[in-house]
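Asker: Questions regarding the structure given below will be posed in turn.
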Amino acid sequence: MTERLDAVVVGAGLSGLVAARRLHDLGRHVRVFEASDDVGGRIRTDLVDGFQLDRGFQTVCPGYPAFARECDVASLDLRPFPRGVGILTNGHVERLRPDLRALGVLRSRLLSIMDTVLLAKLAAREALGATDTSPDHSALAELTATGLSPRVIERVVRPFLTAVLLDPDLTTSAKVAHLIWRSFLREGIAVPAAGMAAIPRQLAASMPDLSVECGRAVVEVSPRGVRLDDGERVPARVVIVATDATTAAQLVPGLPVPTWRQVTTFYFAAAEPPRDDGLLLLDADEPTTVRSTVVLSNVAPTYAPAGRSLIAASILGAREPTQEVTQRVRARLSAMYGTGTARWELIRAYPVAQALPAMPAPHAMRRRVRFESGLFVCGDHRDTSTIQGALVSGRRTANDVIAELQIAADA
């Protein structure tokens, strides 16, 4: 007879791995089943002709509190992006740096004196982590209420938030936007030298061999165990569904499915870098095409073979890289970098239909993870659609599971 486990975790994304590891560290017998061929969920990295290609442009904020708690940050060898962003406006790239020590650094032709002062005040509040107890509104409504000029909202703030949230209408919860902006201001963004997949792989490696089984899809869950697609039944005292929101709803009827934000990331190779830095560029002149671009190999040389440069460019929507779409992307990149792109090689494009669960206002920053005795659901869709949200969700779910198992043992 199959041994009854303390817990089965369905899904080896960040939240599932964190939950499984915490349970394991507390002496519980756990198995993780992952339907795909590797851990990571939506965080995956492919090696193509010596290039490291994350499946969709992704970064991590070292300022996320849960990141330092759950990961061995030093061994990830993070490569930080230059602070701030570059915004193409009227054919010229303006650089904005979030440096609170010098208002002059924030100044540019994009900002009036009043806008500079208002942005500085907002940045200072975020950097200090001021608690906001007001009702939740959309990010756009919050921005409008600050008194920032429509020009700055449209040509500075909206391009940045759209690139991060994949939400051009800025219907996303202002509280979520504050969390992301606060982390960006404090420590910026980075990528691991070995690609974003290094984060989930590190979490998986911290658990015993064979506790994470890839290529094994769960098709049915209950508070008593799971059934795999090959018919095997695995009994457990507790089941944790740690899949994406859509798959979770298929396994747990009645679970709401959020709207998905979509993105397509193009990766181009060039003989020479079009810039000498790794500044993230945004397009305010023609924002409906390329939302963000960066010379990734300038940030992390490990992303490209010697003598080559890797440029990432993201557009909204899950779009197939047809010749027409690719040509439009090339044209905007030519304007943003001020150089020809015809000789750049398109290595691969990743249309990501399920990039981020939408978080419209009002958004509950923490949703229940226990659905009934023995059945739990965790993931970024239960907290915030960020790496921070996924990591937090995994830990708090494991803590709730431990409490339930202890109550059952004491009964």
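How things are named: the first chain in the structure tokens is A, the next is B, and so on; residues count from 1 in each chain; ligands count from 1 in the order shown.
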Could you list, with a cut-off of 10 Å and counting only C-alpha atoms, the residues of region 10-107 of chain A near region 331-338 of chain A, each shown with its nearest atom pair and the distance in Å rounded to one decimal, rows sorted by chain and ascending number, as a tab-separated table?
Answerer:
```
residue	atom	partner	partner_atom	distance
A:Gly86	CA	A:Met336	CA	9.5
A:Ile87	CA	A:Met336	CA	8.7
A:Leu88	CA	A:Met336	CA	6.3
A:Thr89	CA	A:Met336	CA	9.4
A:Gly91	CA	A:Ala335	CA	7.2
A:His92	CA	A:Met336	CA	8.1
A:Val93	CA	A:Met336	CA	7.4
```
Asker: Those same residues, written as a PDB file, in the first residue's frame with C-alpha atoms?
Answerer:
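Writing done, so here's selection-v4.pdb:
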```
ATOM      1  CA  GLY A  86      15.186  55.988 -20.206  1.00  0.00           C
ATOM      2  CA  ILE A  87      12.082  57.411 -21.887  1.00  0.00           C
ATOM      3  CA  LEU A  88      11.945  58.130 -25.613  1.00  0.00           C
ATOM      4  CA  THR A  89      10.058  61.373 -26.030  1.00  0.00           C
ATOM      5  CA  GLY A  91      12.796  61.468 -30.578  1.00  0.00           C
ATOM      6  CA  HIS A  92      15.200  61.849 -27.641  1.00  0.00           C
ATOM      7  CA  VAL A  93      15.883  59.473 -24.737  1.00  0.00           C
TER       8      VAL A  93
END
```
Asker: Taking the chain letters and numbering used in this document, name the residues of region 301-407 of chain A that DSSP puts in strand (DSSP E or B), as a PyMOL selection string.
Answerer: chain A and resi 309-316+345-357+360+370-372+375-377
Asker: If we count only C-alpha atoms, what is near region 212-223 of chain A at a cut-off of 6 Å, once residues fewer than 3 positions away on the same chain are taken out, given as a list of chain:residue names?
Answerer: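 With the cut-off at 6 Å, the set is A:Val32, A:Phe33, A:Glu34, A:Ala35, A:Ser36, A:Asp37, A:Asp38, A:Val226, A:Arg227, A:Leu228, A:Asp229, A:Val238, A:Gly374, A:Leu375.
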Asker: Since we have the selection now, will you write its residues out, keeping C-alpha atoms, as a PDB file, in the first residue's frame?
Answerer:
```pdb
ATOM      1  CA  VAL A  32       5.815  17.791  -5.381  1.00  0.00           C
ATOM      2  CA  PHE A  33       4.279  16.930  -8.754  1.00  0.00           C
ATOM      3  CA  GLU A  34       4.982  19.225 -11.726  1.00  0.00           C
ATOM      4  CA  ALA A  35       3.263  18.708 -15.114  1.00  0.00           C
ATOM      5  CA  SER A  36       6.025  20.317 -17.212  1.00  0.00           C
ATOM      6  CA  ASP A  37       9.586  19.137 -17.763  1.00  0.00           C
ATOM      7  CA  ASP A  38      11.235  21.471 -15.239  1.00  0.00           C
ATOM      8  CA  VAL A 226      -4.405  13.375  -5.767  1.00  0.00           C
ATOM      9  CA  ARG A 227      -4.787  11.343  -8.958  1.00  0.00           C
ATOM     10  CA  LEU A 228      -2.120  11.608 -11.659  1.00  0.00           C
ATOM     11  CA  ASP A 229      -2.729  11.455 -15.413  1.00  0.00           C
ATOM     12  CA  VAL A 238      -3.112  17.623   2.981  1.00  0.00           C
ATOM     13  CA  GLY A 374      -7.030  19.196   3.876  1.00  0.00           C
ATOM     14  CA  LEU A 375      -7.223  21.366   0.736  1.00  0.00           C
TER      15      LEU A 375
END
```
Asker: Could you find all residues in region 101-231 of chain A that DSSP calls helix (DSSP H, G or I) from the backbone, and write them as a PyMOL selection string?
Answerer: chain A and resi 103-106+113-128+139-145+150-165+174-187+198-205
Asker: Let me make sure I understand: among A:Asp410, A:Glu320, A:Glu372, A:Glu70, which one has the smallest atom-to-atom distance to Thr264 (chain A) if we use only C-alpha atoms?
Answerer: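 Using only C-alpha atoms, Thr264 (chain A) sits closest to A:Glu320.
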Asker: Rank A:Val9, A:Leu161, A:Leu405, A:Leu23 by their smallest atom-to-atom distance to Arg237 (chain A), using only C-alpha atoms, and report the top residue only.
Answerer: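 Counting only C-alpha atoms, the residue closest to Arg237 (chain A) is A:Leu405.
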Asker: Could you name the residues that touch region 169-180 of chain A at 6 Å or less, counting only C-alpha atoms, but leaving out those on the same chain fewer than 5 positions away, as an MDAnalysis selection string?
Answerer: chainID A and resid 137:140 359:363
Asker: Would you kindly return, as a PyMOL selection string, each protein, DNA or RNA residue with an atom no farther than 12 Å from any atom of Arg4 (chain A), considering only C-alpha atoms and excluding same-chain residues fewer than 4 positions away?
Answerer: chain A and resi 8+28-31+224-226+233-239
Asker: Find the spatial neighbours of region 202-206 of chain A, counting only C-alpha atoms, within a cut-off of 8 Å - ignore same-chain residues fewer than 6 positions away - and output them as a PyMOL selection string.
Answerer: chain A and resi 14+17-18+21+39+71+212
Asker: Residues within 12 Å of Arg328 (chain A), please, as an MDAnalysis selection string. Count only C-alpha atoms; anything in the same chain fewer than 4 positions from it doesn't count.
Answerer: chainID A and resid 266 286:290 313 315 321:324 332:335 341:342
Asker: One decimal, in Å: what's the spacing between CA of Leu76 (chain A) and CA of Gln262 (chain A)?
Answerer: 27.5 Å
Asker: Give the answer as one residue: which of A:Ser292, A:Arg22, A:Arg97, A:Leu356 has the shortest atom-to-atom distance to Arg69 (chain A), using only C-alpha atoms?
Answerer: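 Between A:Ser292, A:Arg22, A:Arg97, A:Leu356, the residue approaching Arg69 (chain A) most closely is A:Arg22.
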Asker: Nearest residue to Asp25 (chain A) out of A:Met207, A:Val295, A:Ile113, A:Ala353, using only C-alpha atoms?
Answerer: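 When distances to Asp25 (chain A) are compared using only C-alpha atoms, the smallest one comes from A:Met207.
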Asker: Which one of A:Met196, A:Leu47, A:Ala355, A:Ala12 sits closest to Gly317 (chain A) if you count only C-alpha atoms?
Answerer: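 The answer is A:Ala355, which sits nearest to Gly317 (chain A).
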